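Beneath this line is the structure, given in structure tokens, with notes to follow.
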Amino acid sequence: MDVRFARARDGVTLGYQMFGQGPPLVWMPSLSNIVAQWRIPALRAAYEGLARSLTVILYDGRGTGASDRRIDLGDLGLDAHLRDLHAVLDDAGLHRVSLLGYYHSVPTALAFAARNPGRVDRLVLFGGTARLREAMLPAQTQALLSLVDQDWGLFADAAATAWLGWDAASSGRWTAESFRTATSAPIAKAWFEAARDIDVTGELAVVRAPALVLPRQGEQRIPAETTRRLAETLPDGRFVELPGATPTLFIENQDADVRLVTGFVATGSTGAAGGSAPCRLTPRETEVLGLLASGDSNAEIARRLGIAVHTVERHLSSIYRKLGARGRSDAVRLMLDFRHPR
């Protein structure tokens with residue numbers, strides 16, 4: 001895949017790729033290497049799957065991959081990331097797009113949508129938060145980040161396998177190589193240090209683009225409740241918890257992930273089928289949803305059913321995911337629509 005080059009207002013050169021057909025989706029970067037990522041079988045299949053229905057734009061942020069990797073790049077905070085995105089869009093001749101924010105790039109996607117409402121159709125947000133410090137708090141993440149200074153190669157291996165769960169031999173090997181060649185340890189350290197200060201919570205109220213907020217990770221990464229709060233805070237946010245344990249998108253249940261994202265970007269649909277969704281609930285989930293509709297708290301539901309509160313929370317996460325609901329009130333609304341269609 002050919003690499004094009006854009007130039008940001010401060011002179012930094014950005015490498016990017018554009019391919020496929022259909023509504024444009026910009027997959028925004030963290031520590032990326034768009035050339036090396038094509039060697040990862042699962043990612044290549046994901047790119048090809050998305051490109052069947054969408055025009056996909058990939059780019060490397062400043063300091064990474066095919067972009068300018070000078071050690072003296074200066075600011076690596078939010079404003080720098082926004083300059084990179086503006087440069088790529090302008091060079092590609094794209095005025096209005098959808099954005100896929102992935103982990104580190106979630107706040108940048110939110111800030112761009114808040115500040116440029118006429119340029120963003122929809123947002124897909126995976127694995128991130130509005131305040132990046134929250135995303136870096138889990139102990140496993142802290143342990144991983146401590147390796148950046150100590151052993152860059154070990155960091156790359158651990159990020160690919162232990163943290164992101166790429167345990168398949170070919171995918172894990174190529175993913176680690178992609179991390180290793182994405183940038184240098186000093187630039188990565190500067191990225192992560194700047195990330196701690198990125199906080200766009202004050203801009204969420206003015207984000208008008210519909211946002212699909214997707215978690216697929218356990219408590220050792222970013223708790224689902226954290227991403228659910230993000231969806232509930234956004235004016236038009238929708239929370240869909242993806243099944244599975246691997247904290248990646250388009251890898252576990254790849255076909256379903258591709259369908260979900262392409263459907264949302266193309267039509268705004270989350271694939272949560274209003275009329276039939278409650279039929280997919282288990283009997284216990286139906287009980288929990290009924291008590292929720294009666295106004296019971298999690299503790300009251302647990303007491304009535306004789307189960308632990310954390311079990312109620314687990315049932316609710318599953319209910320929200322199956323219904324495509326943004327939270328408690330949305331789940332109840334969807335249930336009532338099903339029982340009493342207009």
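In the structure tokens, chains take letters A, B, ... by order of appearance, with residues numbered from 1 within each chain and ligands from 1 in the order shown.
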
(request) Mind the document's chain letters and residue numbers, and return as a PyMOL selection string the residues of range 169-239 of chain A that DSSP labels strand (DSSP E). (result) chain A and resi 211-214+237-239

(message) With only C-alpha atoms as the counted atoms, please give the residues lying no more than 10 Å from range 287-289 of chain A, apart from itself and same-chain residues fewer than 2 positions off, as an MDAnalysis selection string.
(response) chainID A and resid 278 281:285 291:296 298 301:302 304:305 312:313 315:316 319:320 328 331:332 335

Restricting it to N, CA and C atoms, dump the selection as a PDB file, in the first residue's frame.
```pdb
ATOM      1  N   PRO A 278     -34.684  -8.200  23.182  1.00  0.00           N
ATOM      2  CA  PRO A 278     -34.930  -8.842  24.449  1.00  0.00           C
ATOM      3  C   PRO A 278     -35.017 -10.349  24.372  1.00  0.00           C
ATOM      4  N   LEU A 281     -31.945 -12.226  25.678  1.00  0.00           N
ATOM      5  CA  LEU A 281     -31.562 -12.189  27.080  1.00  0.00           C
ATOM      6  C   LEU A 281     -31.804 -13.545  27.724  1.00  0.00           C
ATOM      7  N   THR A 282     -30.946 -13.901  28.676  1.00  0.00           N
ATOM      8  CA  THR A 282     -31.167 -15.113  29.457  1.00  0.00           C
ATOM      9  C   THR A 282     -32.315 -14.864  30.436  1.00  0.00           C
ATOM     10  N   PRO A 283     -32.896 -15.921  31.005  1.00  0.00           N
ATOM     11  CA  PRO A 283     -33.961 -15.715  31.998  1.00  0.00           C
ATOM     12  C   PRO A 283     -33.523 -14.833  33.161  1.00  0.00           C
ATOM     13  N   ARG A 284     -32.293 -15.023  33.651  1.00  0.00           N
ATOM     14  CA  ARG A 284     -31.826 -14.195  34.759  1.00  0.00           C
ATOM     15  C   ARG A 284     -31.677 -12.742  34.326  1.00  0.00           C
ATOM     16  N   GLU A 285     -31.163 -12.506  33.108  1.00  0.00           N
ATOM     17  CA  GLU A 285     -31.026 -11.141  32.609  1.00  0.00           C
ATOM     18  C   GLU A 285     -32.388 -10.478  32.459  1.00  0.00           C
ATOM     19  N   LEU A 291     -36.532  -5.799  37.122  1.00  0.00           N
ATOM     20  CA  LEU A 291     -36.363  -5.080  38.384  1.00  0.00           C
ATOM     21  C   LEU A 291     -35.759  -3.704  38.158  1.00  0.00           C
ATOM     22  N   LEU A 292     -34.862  -3.619  37.172  1.00  0.00           N
ATOM     23  CA  LEU A 292     -34.285  -2.325  36.820  1.00  0.00           C
ATOM     24  C   LEU A 292     -35.397  -1.370  36.363  1.00  0.00           C
ATOM     25  N   ALA A 293     -36.318  -1.892  35.564  1.00  0.00           N
ATOM     26  CA  ALA A 293     -37.427  -1.078  35.063  1.00  0.00           C
ATOM     27  C   ALA A 293     -38.354  -0.636  36.182  1.00  0.00           C
ATOM     28  N   SER A 294     -38.350  -1.391  37.292  1.00  0.00           N
ATOM     29  CA  SER A 294     -39.175  -1.029  38.450  1.00  0.00           C
ATOM     30  C   SER A 294     -38.517   0.034  39.312  1.00  0.00           C
ATOM     31  N   GLY A 295     -37.284   0.384  38.961  1.00  0.00           N
ATOM     32  CA  GLY A 295     -36.595   1.432  39.696  1.00  0.00           C
ATOM     33  C   GLY A 295     -35.666   0.939  40.778  1.00  0.00           C
ATOM     34  N   ASP A 296     -35.440  -0.380  40.862  1.00  0.00           N
ATOM     35  CA  ASP A 296     -34.566  -0.926  41.898  1.00  0.00           C
ATOM     36  C   ASP A 296     -33.114  -0.565  41.623  1.00  0.00           C
ATOM     37  N   ASN A 298     -28.936  -1.422  42.084  1.00  0.00           N
ATOM     38  CA  ASN A 298     -28.188  -2.680  41.959  1.00  0.00           C
ATOM     39  C   ASN A 298     -28.236  -3.474  43.253  1.00  0.00           C
ATOM     40  N   ILE A 301     -31.674  -5.062  43.625  1.00  0.00           N
ATOM     41  CA  ILE A 301     -31.814  -6.211  42.718  1.00  0.00           C
ATOM     42  C   ILE A 301     -31.069  -7.416  43.278  1.00  0.00           C
ATOM     43  N   ALA A 302     -29.849  -7.187  43.778  1.00  0.00           N
ATOM     44  CA  ALA A 302     -29.060  -8.284  44.346  1.00  0.00           C
ATOM     45  C   ALA A 302     -29.787  -8.923  45.524  1.00  0.00           C
ATOM     46  N   ARG A 304     -33.076  -8.894  46.198  1.00  0.00           N
ATOM     47  CA  ARG A 304     -34.296  -9.589  45.763  1.00  0.00           C
ATOM     48  C   ARG A 304     -33.982 -10.947  45.130  1.00  0.00           C
ATOM     49  N   LEU A 305     -32.874 -11.004  44.361  1.00  0.00           N
ATOM     50  CA  LEU A 305     -32.552 -12.241  43.633  1.00  0.00           C
ATOM     51  C   LEU A 305     -31.602 -13.145  44.397  1.00  0.00           C
ATOM     52  N   VAL A 312     -24.877  -8.714  39.692  1.00  0.00           N
ATOM     53  CA  VAL A 312     -25.869  -7.839  39.063  1.00  0.00           C
ATOM     54  C   VAL A 312     -25.187  -6.947  38.030  1.00  0.00           C
ATOM     55  N   GLU A 313     -24.052  -6.377  38.405  1.00  0.00           N
ATOM     56  CA  GLU A 313     -23.327  -5.495  37.484  1.00  0.00           C
ATOM     57  C   GLU A 313     -22.900  -6.245  36.236  1.00  0.00           C
ATOM     58  N   HIS A 315     -24.444  -8.876  34.962  1.00  0.00           N
ATOM     59  CA  HIS A 315     -25.659  -9.081  34.158  1.00  0.00           C
ATOM     60  C   HIS A 315     -26.032  -7.800  33.412  1.00  0.00           C
ATOM     61  N   LEU A 316     -25.916  -6.651  34.082  1.00  0.00           N
ATOM     62  CA  LEU A 316     -26.274  -5.394  33.439  1.00  0.00           C
ATOM     63  C   LEU A 316     -25.358  -5.089  32.268  1.00  0.00           C
ATOM     64  N   ILE A 319     -26.581  -7.139  29.485  1.00  0.00           N
ATOM     65  CA  ILE A 319     -27.851  -6.609  28.976  1.00  0.00           C
ATOM     66  C   ILE A 319     -27.609  -5.398  28.084  1.00  0.00           C
ATOM     67  N   TYR A 320     -26.769  -4.454  28.566  1.00  0.00           N
ATOM     68  CA  TYR A 320     -26.490  -3.259  27.776  1.00  0.00           C
ATOM     69  C   TYR A 320     -25.881  -3.634  26.430  1.00  0.00           C
ATOM     70  N   ARG A 328     -28.711   2.535  31.959  1.00  0.00           N
ATOM     71  CA  ARG A 328     -29.907   2.004  32.610  1.00  0.00           C
ATOM     72  C   ARG A 328     -31.188   2.506  31.943  1.00  0.00           C
ATOM     73  N   ALA A 331     -31.712   1.148  28.414  1.00  0.00           N
ATOM     74  CA  ALA A 331     -32.092  -0.268  28.406  1.00  0.00           C
ATOM     75  C   ALA A 331     -33.577  -0.424  28.704  1.00  0.00           C
ATOM     76  N   VAL A 332     -34.060   0.343  29.688  1.00  0.00           N
ATOM     77  CA  VAL A 332     -35.486   0.278  30.031  1.00  0.00           C
ATOM     78  C   VAL A 332     -36.332   0.779  28.865  1.00  0.00           C
ATOM     79  N   MET A 335     -36.566  -1.866  26.248  1.00  0.00           N
ATOM     80  CA  MET A 335     -37.451  -2.940  26.675  1.00  0.00           C
ATOM     81  C   MET A 335     -38.918  -2.526  26.507  1.00  0.00           C
TER      82      MET A 335
END
```

(request) Please measure the separation of CA of Thr129 in chain A and CA of Leu100 in chain A, giving the value in Å to one decimal. (result)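 Separation of CA of Thr129 in chain A and CA of Leu100 in chain A: 13.3 Å.
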
(message) Report, in Å to a single decimal, how far apart CA of Leu125 in chain A and CA of Pro24 in chain A are.
(response)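 We find that CA of Pro24 in chain A and CA of Leu125 in chain A lie 15.7 Å from each other.
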
(request) Give the answer as one residue: which of A:Ala51, A:Ile71, A:Ala130, A:Ala8 has the shortest atom-to-atom distance to Val88 in chain A, using only C-alpha atoms? (result)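 Among the listed residues, the smallest separation from Val88 in chain A belongs to A:Ala8.
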
(message) Using only C-alpha atoms for the distances, tell me which of A:Phe250, A:Gly77, A:Leu82, A:Leu234 is nearest to Glu193 in chain A.
(response) A:Gly77

(request) Would you kindly return, as a ChimeraX atom specification, each protein, DNA or RNA residue with an atom no farther than 6 Å from any atom of range 35-46 of chain A, considering only C-alpha atoms and excluding same-chain residues fewer than 3 positions away? (result) /A:49,171,174,178,250

(message) Residues near Asp68 in chain A, anyone? I mean within 10 Å using only C-alpha atoms, not counting same-chain ones fewer than 3 positions away, as a list in words.
(response)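 Within the cut-off, the hits are Arg7, Gly11, Val12, Thr13, Leu14, Gly15, Asp60, Gly61, Arg62, Gly63, Thr64, Gly65, Ile71 and Leu73 of chain A.
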
(message) Report as number ranges by chain all protein, DNA and RNA residues lying within 10 Å of Ala266 in chain A, evaluated on only C-alpha atoms, omitting residues in the same chain fewer than 4 positions from it.
(response) A: 22-25, 53-54, 98, 121-122, 261-262

Would you mind listing what lies within 10 Å of Ala325 in chain A as a PDB file with C-alpha atoms, in the first residue's frame, with only C-alpha atoms counted and same-chain residues fewer than 4 positions away left out?
```pdb
ATOM      1  CA  ALA A 231     -20.997   7.223  26.616  1.00  0.00           C
ATOM      2  CA  GLY A 237     -23.348   8.462  22.942  1.00  0.00           C
ATOM      3  CA  ARG A 238     -24.156   4.776  22.634  1.00  0.00           C
ATOM      4  CA  PHE A 239     -22.405   2.164  24.750  1.00  0.00           C
ATOM      5  CA  VAL A 240     -21.975  -1.354  23.335  1.00  0.00           C
ATOM      6  CA  GLU A 241     -19.826  -3.727  25.387  1.00  0.00           C
ATOM      7  CA  THR A 270     -25.400  -0.257  16.032  1.00  0.00           C
ATOM      8  CA  ALA A 272     -29.007  -3.628  18.111  1.00  0.00           C
ATOM      9  CA  SER A 317     -23.128  -5.149  31.307  1.00  0.00           C
ATOM     10  CA  ILE A 319     -27.851  -6.609  28.976  1.00  0.00           C
ATOM     11  CA  TYR A 320     -26.490  -3.259  27.776  1.00  0.00           C
ATOM     12  CA  ARG A 321     -24.293  -4.998  25.217  1.00  0.00           C
ATOM     13  CA  SER A 329     -32.555   4.373  31.250  1.00  0.00           C
ATOM     14  CA  ASP A 330     -31.792   3.454  27.636  1.00  0.00           C
ATOM     15  CA  ALA A 331     -32.092  -0.268  28.406  1.00  0.00           C
ATOM     16  CA  VAL A 332     -35.486   0.278  30.031  1.00  0.00           C
ATOM     17  CA  ARG A 333     -36.637   2.397  27.081  1.00  0.00           C
ATOM     18  CA  LEU A 334     -35.638  -0.317  24.607  1.00  0.00           C
TER      19      LEU A 334
END
```

(request) Go through A:Ile57, A:Leu123, A:Ala209, A:Leu249 one by one, measure the shortest atom-to-atom distance of each to Leu99 in chain A using only C-alpha atoms, and give the residue with the smallest value. (result)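 Closest to Leu99 in chain A, using only C-alpha atoms: A:Leu123.
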
(request) Could you give me, as a PyMOL selection string, the residues within 12 Å of Leu230 in chain A, counting only C-alpha atoms and dropping anything in the same chain fewer than 2 positions from it? (result) chain A and resi 106-107+110+125-131+134+200-205+207+211-215+222-228+232-240+326-327

(message) Please report the interatomic distance between CA of Ser146 in chain A and CA of Ala111 in chain A in Å with one decimal.
(response) 28.2 Å

Within range 220-267 of chain A, find each residue whose DSSP state, derived from the backbone, is helix (DSSP H, G or I), and express the selection as a PDB file with N, CA and C atoms, in the first residue's frame.
```
ATOM      1  N   ALA A 224     -15.025  -1.310  32.295  1.00  0.00           N
ATOM      2  CA  ALA A 224     -16.139  -0.983  31.402  1.00  0.00           C
ATOM      3  C   ALA A 224     -16.963   0.171  31.946  1.00  0.00           C
ATOM      4  N   GLU A 225     -17.047   0.302  33.275  1.00  0.00           N
ATOM      5  CA  GLU A 225     -17.812   1.398  33.853  1.00  0.00           C
ATOM      6  C   GLU A 225     -17.237   2.756  33.452  1.00  0.00           C
ATOM      7  N   THR A 226     -15.914   2.828  33.292  1.00  0.00           N
ATOM      8  CA  THR A 226     -15.282   4.082  32.900  1.00  0.00           C
ATOM      9  C   THR A 226     -15.716   4.483  31.502  1.00  0.00           C
ATOM     10  N   THR A 227     -15.711   3.525  30.576  1.00  0.00           N
ATOM     11  CA  THR A 227     -16.136   3.842  29.213  1.00  0.00           C
ATOM     12  C   THR A 227     -17.648   4.053  29.142  1.00  0.00           C
ATOM     13  N   ARG A 228     -18.400   3.367  30.016  1.00  0.00           N
ATOM     14  CA  ARG A 228     -19.850   3.597  30.031  1.00  0.00           C
ATOM     15  C   ARG A 228     -20.150   5.035  30.459  1.00  0.00           C
ATOM     16  N   ARG A 229     -19.411   5.543  31.438  1.00  0.00           N
ATOM     17  CA  ARG A 229     -19.628   6.932  31.859  1.00  0.00           C
ATOM     18  C   ARG A 229     -19.346   7.900  30.712  1.00  0.00           C
ATOM     19  N   LEU A 230     -18.343   7.573  29.896  1.00  0.00           N
ATOM     20  CA  LEU A 230     -18.052   8.411  28.736  1.00  0.00           C
ATOM     21  C   LEU A 230     -19.256   8.448  27.804  1.00  0.00           C
ATOM     22  N   ALA A 231     -19.838   7.288  27.514  1.00  0.00           N
ATOM     23  CA  ALA A 231     -20.997   7.223  26.616  1.00  0.00           C
ATOM     24  C   ALA A 231     -22.179   7.994  27.185  1.00  0.00           C
ATOM     25  N   GLU A 232     -22.391   7.887  28.496  1.00  0.00           N
ATOM     26  CA  GLU A 232     -23.528   8.552  29.119  1.00  0.00           C
ATOM     27  C   GLU A 232     -23.332  10.059  29.188  1.00  0.00           C
ATOM     28  N   THR A 233     -22.078  10.524  29.202  1.00  0.00           N
ATOM     29  CA  THR A 233     -21.803  11.958  29.269  1.00  0.00           C
ATOM     30  C   THR A 233     -21.959  12.624  27.911  1.00  0.00           C
ATOM     31  N   GLN A 254     -13.770 -10.854  14.690  1.00  0.00           N
ATOM     32  CA  GLN A 254     -13.453  -9.831  13.698  1.00  0.00           C
ATOM     33  C   GLN A 254     -14.618  -9.489  12.791  1.00  0.00           C
ATOM     34  N   ASP A 255     -15.302 -10.475  12.252  1.00  0.00           N
ATOM     35  CA  ASP A 255     -16.393 -10.208  11.317  1.00  0.00           C
ATOM     36  C   ASP A 255     -17.487  -9.376  11.979  1.00  0.00           C
ATOM     37  N   ALA A 256     -17.818  -9.719  13.237  1.00  0.00           N
ATOM     38  CA  ALA A 256     -18.861  -8.974  13.945  1.00  0.00           C
ATOM     39  C   ALA A 256     -18.417  -7.540  14.202  1.00  0.00           C
ATOM     40  N   ASP A 257     -17.151  -7.350  14.561  1.00  0.00           N
ATOM     41  CA  ASP A 257     -16.643  -5.999  14.797  1.00  0.00           C
ATOM     42  C   ASP A 257     -16.689  -5.166  13.523  1.00  0.00           C
ATOM     43  N   VAL A 258     -16.264  -5.757  12.412  1.00  0.00           N
ATOM     44  CA  VAL A 258     -16.282  -5.029  11.141  1.00  0.00           C
ATOM     45  C   VAL A 258     -17.709  -4.647  10.766  1.00  0.00           C
ATOM     46  N   ARG A 259     -18.654  -5.579  10.931  1.00  0.00           N
ATOM     47  CA  ARG A 259     -20.053  -5.273  10.614  1.00  0.00           C
ATOM     48  C   ARG A 259     -20.577  -4.145  11.493  1.00  0.00           C
ATOM     49  N   LEU A 260     -20.248  -4.191  12.780  1.00  0.00           N
ATOM     50  CA  LEU A 260     -20.725  -3.168  13.710  1.00  0.00           C
ATOM     51  C   LEU A 260     -20.199  -1.788  13.319  1.00  0.00           C
ATOM     52  N   VAL A 261     -18.896  -1.694  13.074  1.00  0.00           N
ATOM     53  CA  VAL A 261     -18.298  -0.396  12.770  1.00  0.00           C
ATOM     54  C   VAL A 261     -18.763   0.123  11.412  1.00  0.00           C
ATOM     55  N   THR A 262     -18.756  -0.730  10.389  1.00  0.00           N
ATOM     56  CA  THR A 262     -19.186  -0.269   9.064  1.00  0.00           C
ATOM     57  C   THR A 262     -20.660   0.120   9.078  1.00  0.00           C
ATOM     58  N   GLY A 263     -21.475  -0.631   9.790  1.00  0.00           N
ATOM     59  CA  GLY A 263     -22.898  -0.291   9.871  1.00  0.00           C
ATOM     60  C   GLY A 263     -23.123   1.049  10.541  1.00  0.00           C
ATOM     61  N   PHE A 264     -22.386   1.296  11.614  1.00  0.00           N
ATOM     62  CA  PHE A 264     -22.550   2.557  12.333  1.00  0.00           C
ATOM     63  C   PHE A 264     -22.051   3.728  11.493  1.00  0.00           C
ATOM     64  N   VAL A 265     -20.887   3.581  10.876  1.00  0.00           N
ATOM     65  CA  VAL A 265     -20.326   4.678  10.082  1.00  0.00           C
ATOM     66  C   VAL A 265     -21.207   4.960   8.871  1.00  0.00           C
ATOM     67  N   ALA A 266     -21.711   3.923   8.244  1.00  0.00           N
ATOM     68  CA  ALA A 266     -22.487   4.106   7.013  1.00  0.00           C
ATOM     69  C   ALA A 266     -23.907   4.578   7.269  1.00  0.00           C
ATOM     70  N   THR A 267     -24.551   4.070   8.334  1.00  0.00           N
ATOM     71  CA  THR A 267     -25.982   4.352   8.532  1.00  0.00           C
ATOM     72  C   THR A 267     -26.341   4.837   9.927  1.00  0.00           C
TER      73      THR A 267
END
```

(message) With distances taken over only C-alpha atoms, which residue among A:Asp90, A:Arg133, A:Val26, A:Gly74 lies nearest Ala109 in chain A?
(response) A:Val26

(request) Have a look at A:Val148, A:Arg9, A:Ser67, A:Arg303 and name the one nearest to Ala190 in chain A; count only C-alpha atoms. (result)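 Of all the options, A:Val148 lies closest to Ala190 in chain A.
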
(message) Taking only C-alpha atoms into account, name the residue in A:Ala176, A:Ala185, A:Leu94, A:Ala80 that is nearest to Asp151 in chain A.
(response)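 The answer is A:Ala185, which sits nearest to Asp151 in chain A.
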